[in-house]
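Here the structure comes first, spelled out in structure tokens, and everything after it is commentary.
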Amino acid sequence: DYFVQFGRFYADLDVGAPTINQVDFDRKAVLMEDLGDQRLYDLIQSERSSEAEIIDCYGKTAEFLAFFHCKTTQNLAKCPLAGSRALDFDMLRWETNYFRKNFLGGIMKLPESQTEPLTEEFDRLALMTLEQPTILCHRDFQSQNIMIQNDRIRVVDVQGGRKGPIGYDLASLLNDAYYDIPEHARLGLKRQYFDALSTNDFFAMPTDADGRGLRPFDFEHFQEYFILAGLQRNCQALGAFGFLSLVKGKTWYLDYVPLGVKHLKR
């Protein structure tokens, strides 16, 4: 049901999601547009892809993400489900508890007594992250969910949408544990996203997704937003790698842990 509601909402706005042609709720089946088989992840993995091509595609994706955030947030009233779910304090703390249990406890084998002092720090991180302007987040905006179709950025796995902090999705993209973006390119990609917000009239929006009013912010403040939301996202991703590898037996996810840790340290 979430997939269908979000999918139709995104498709009506033409923000890259596949068109849903037909739904059979009794059989839980959806007939939808085929976006092909070229993911950003596949471009990254291909030996034929140059670093310049990869960074160029990341730039297009960052600009697409700004368009996605502006268009969906401006039209939240058209999708009641989108307005009712949020990356709120409880959800952000669920992410960091997930990290504590499945990564620190699971992969790193640290006893609970050793990680308990992080509780207050995680509370502070969630509260500081929630001070950011709110937009509609995709929630898992990383290279395996980003499709390239006829030189256009498309997006799948749309059912997890929630209102959340503005830095979260971009951190999901740039702190992706499937690819280590060269340091010299990271700042430029953040800048491309920030500049694209203005192009898509983000700062002209009268209110954010919670109706509090959008507070103007500059690029320096956005970088702070990115770091805070990035810490949250890194914790969630490393927690997922622990859960998927140790609980679900998908041990290949352990291969992505070192880069996830590198992002966390950064």
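Order determines the names: the first chain of the structure tokens is A, the second B, and so forth; residues in each chain are numbered 1 upward, and ligands are numbered 1 upward as they are shown.
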Worksheet entry | Long-range neighbours of stretch 232-237 of chain A as an NGL selection string, 7 Å cut-off, only C-alpha atoms, 5 positions minimum in chain | :A and (95-96 or 98-99 or 168 or 171-172 or 260 or 264)
Please dump the current selection as a CSV table (one decimal), in the first residue's frame; keep C-alpha atoms.
chain,number,residue,atom,x,y,z
A,95,GLU,CA,18.4,4.3,13.7
A,96,THR,CA,21.2,4.9,16.2
A,98,TYR,CA,20.0,-0.2,15.4
A,99,PHE,CA,23.6,0.8,14.9
A,168,TYR,CA,19.6,13.1,4.9
A,171,ALA,CA,24.2,12.2,2.8
A,172,SER,CA,22.8,8.8,1.7
A,260,GLY,CA,31.0,2.8,5.9
A,264,LEU,CA,31.6,7.8,9.7
Restrict the calculation to only C-alpha atoms, then for each residue of stretch 157-190 of chain A with any atom at most 8 Å from an atom of stretch 68-86 of chain A give the closest atom pair and their distance in Å to one decimal, rows by chain and rising residue number, as a Markdown table.
| residue | atom | partner | partner_atom | distance |
| --- | --- | --- | --- | --- |
| A:Gly161 | CA | A:Ala82 | CA | 6.7 |
| A:Arg162 | CA | A:Ala86 | CA | 4.7 |
| A:Lys163 | CA | A:Ala86 | CA | 4.4 |
| A:Gly164 | CA | A:Ala86 | CA | 5.9 |
Selection from above, all heavy atoms, as a JSON list (two decimals), in the first residue's frame, can you write it?
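So result_30.json came out as:
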[["chain", "number", "residue", "atom", "x", "y", "z"],
["A", 161, "GLY", "N", 9.33, 6.68, 1.89],
["A", 161, "GLY", "CA", 9.32, 8.13, 2.02],
["A", 161, "GLY", "C", 8.84, 8.62, 3.38],
["A", 161, "GLY", "O", 7.88, 8.09, 3.93],
["A", 162, "ARG", "N", 9.52, 9.64, 3.89],
["A", 162, "ARG", "CA", 9.15, 10.27, 5.16],
["A", 162, "ARG", "C", 9.59, 11.73, 5.14],
["A", 162, "ARG", "O", 10.58, 12.07, 4.52],
["A", 162, "ARG", "CB", 9.85, 9.59, 6.35],
["A", 162, "ARG", "CG", 9.38, 8.19, 6.65],
["A", 162, "ARG", "CD", 10.20, 7.59, 7.80],
["A", 162, "ARG", "NE", 9.77, 6.24, 8.11],
["A", 162, "ARG", "CZ", 8.83, 5.93, 9.00],
["A", 162, "ARG", "NH1", 8.24, 6.90, 9.67],
["A", 162, "ARG", "NH2", 8.49, 4.69, 9.23],
["A", 163, "LYS", "N", 8.87, 12.57, 5.86],
["A", 163, "LYS", "CA", 9.36, 13.91, 6.11],
["A", 163, "LYS", "C", 10.62, 13.79, 6.96],
["A", 163, "LYS", "O", 10.67, 12.98, 7.89],
["A", 163, "LYS", "CB", 8.32, 14.74, 6.85],
["A", 163, "LYS", "CG", 7.07, 15.05, 6.05],
["A", 163, "LYS", "CD", 6.11, 15.93, 6.81],
["A", 163, "LYS", "CE", 5.62, 15.27, 8.09],
["A", 163, "LYS", "NZ", 4.65, 16.12, 8.81],
["A", 164, "GLY", "N", 11.63, 14.58, 6.64],
["A", 164, "GLY", "CA", 12.87, 14.45, 7.40],
["A", 164, "GLY", "C", 13.83, 15.59, 7.14],
["A", 164, "GLY", "O", 13.53, 16.51, 6.37]]
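For the pair atom CA of A:Ile135 and atom CA of A:Pro165, the interatomic distance is 6.3 Å.
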Worksheet item: Between A:Phe241, A:Tyr41, A:Phe202, A:Phe64, which one has atoms that come closest to A:Leu104, using only C-alpha atoms?
Response: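 With only C-alpha atoms as the atom set, the closest residue is A:Phe241.
Atom CA of A:Glu33 lies 5.2 Å from atom CA of A:Pro18.
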Discussion item. From a backbone DSSP assignment, name each residue in stretch 48-201 of chain A labelled strand (DSSP E), as a ChimeraX atom specification.
Written reply: /A:134-137,146-149,152-155,162-165
Practice prompt. Find the distance between atom CA of A:Leu31 and atom CA of A:Arg152 and write it in Å to one decimal.
Written response: 21.5 Å
Worksheet item: Which residues, written as a PyMOL selection string, have at least one atom at most 10 Å from stretch 55-59 of chain A, with only C-alpha atoms counted and residues fewer than 2 positions away on the same chain left out?
Response: chain A and resi 40+43-44+50-53+61-65+143+148+151-153+173-174+181-182+185-186+188-193
Output C-alpha atoms of each residue in that selection to a file, as a CSV table (one decimal), in the first residue's frame.
chain,number,residue,atom,x,y,z
A,40,LEU,CA,24.3,4.3,-10.8
A,43,LEU,CA,28.1,2.7,-13.7
A,44,ILE,CA,30.4,2.8,-10.7
A,50,SER,CA,36.1,6.9,-16.0
A,51,GLU,CA,36.2,8.8,-12.7
A,52,ALA,CA,35.0,11.9,-14.7
A,53,GLU,CA,32.0,10.1,-16.0
A,61,THR,CA,21.9,13.0,-9.5
A,62,ALA,CA,22.5,15.7,-6.9
A,63,GLU,CA,20.7,18.2,-9.1
A,64,PHE,CA,17.8,15.7,-9.6
A,65,LEU,CA,17.6,15.2,-5.9
A,143,SER,CA,23.4,4.1,-5.9
A,148,ILE,CA,19.8,5.9,-15.5
A,151,ASP,CA,20.4,9.9,-19.8
A,152,ARG,CA,17.6,10.8,-17.3
A,153,ILE,CA,17.8,10.0,-13.5
A,173,LEU,CA,24.1,9.5,-1.8
A,174,LEU,CA,27.5,11.0,-1.0
A,181,ILE,CA,33.7,9.6,-4.0
A,182,PRO,CA,37.1,11.4,-4.3
A,185,ALA,CA,34.6,16.1,-5.8
A,186,ARG,CA,32.5,15.9,-2.6
A,188,GLY,CA,31.5,20.4,-5.5
A,189,LEU,CA,28.6,17.9,-5.4
A,190,LYS,CA,27.2,19.4,-2.2
A,191,ARG,CA,27.4,22.8,-3.8
A,192,GLN,CA,25.6,21.5,-6.9
A,193,TYR,CA,22.7,20.3,-4.8
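Shortest separation to A:Ser198 among A:Ala240, A:Ala66, A:Val30, A:Val23 occurs at residue A:Ala66, atoms counted being only C-alpha atoms.
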Discussion item. Set the distance at 12 Å and use only C-alpha atoms: which residues neighbour A:Pro111 once local chain neighbours fewer than 5 positions away are removed? I'd like the list as JSON, numbers by chain.
Written reply: {"A": [100, 101, 102, 103, 104, 105, 106, 116, 117]}
Tell me, as a compact mmCIF listing (two decimals) with N, CA and C atoms, in the first residue's frame, which residues lie within 6 Å of A:Leu228, counting only C-alpha atoms; anything in the same chain fewer than 3 positions away does not count.
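Listed below is the output, out_33.txt:
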# COMPACT_ATOMS: atom_id res chain seq x y z
N THR A 129 19.78 17.21 14.67
CA THR A 129 19.38 16.91 13.30
C THR A 129 17.98 17.43 13.02
N TYR A 225 24.34 20.85 8.33
CA TYR A 225 23.18 19.96 8.21
C TYR A 225 23.60 18.61 7.63
N LEU A 231 25.82 11.63 9.85
CA LEU A 231 26.09 10.75 10.99
C LEU A 231 24.91 9.81 11.23
Worksheet item: If we count only C-alpha atoms, what is near A:Gly160 at a cut-off of 7 Å, once residues fewer than 2 positions away on the same chain are taken out, given as JSON, numbers by chain?
Response: {"A": [138, 139, 158, 162]}
Worksheet item: Quick one: of A:Val156, A:Asp34, A:Met147, A:Glu121, who's nearest to A:Phe3, counting only C-alpha atoms?
Response: A:Val156
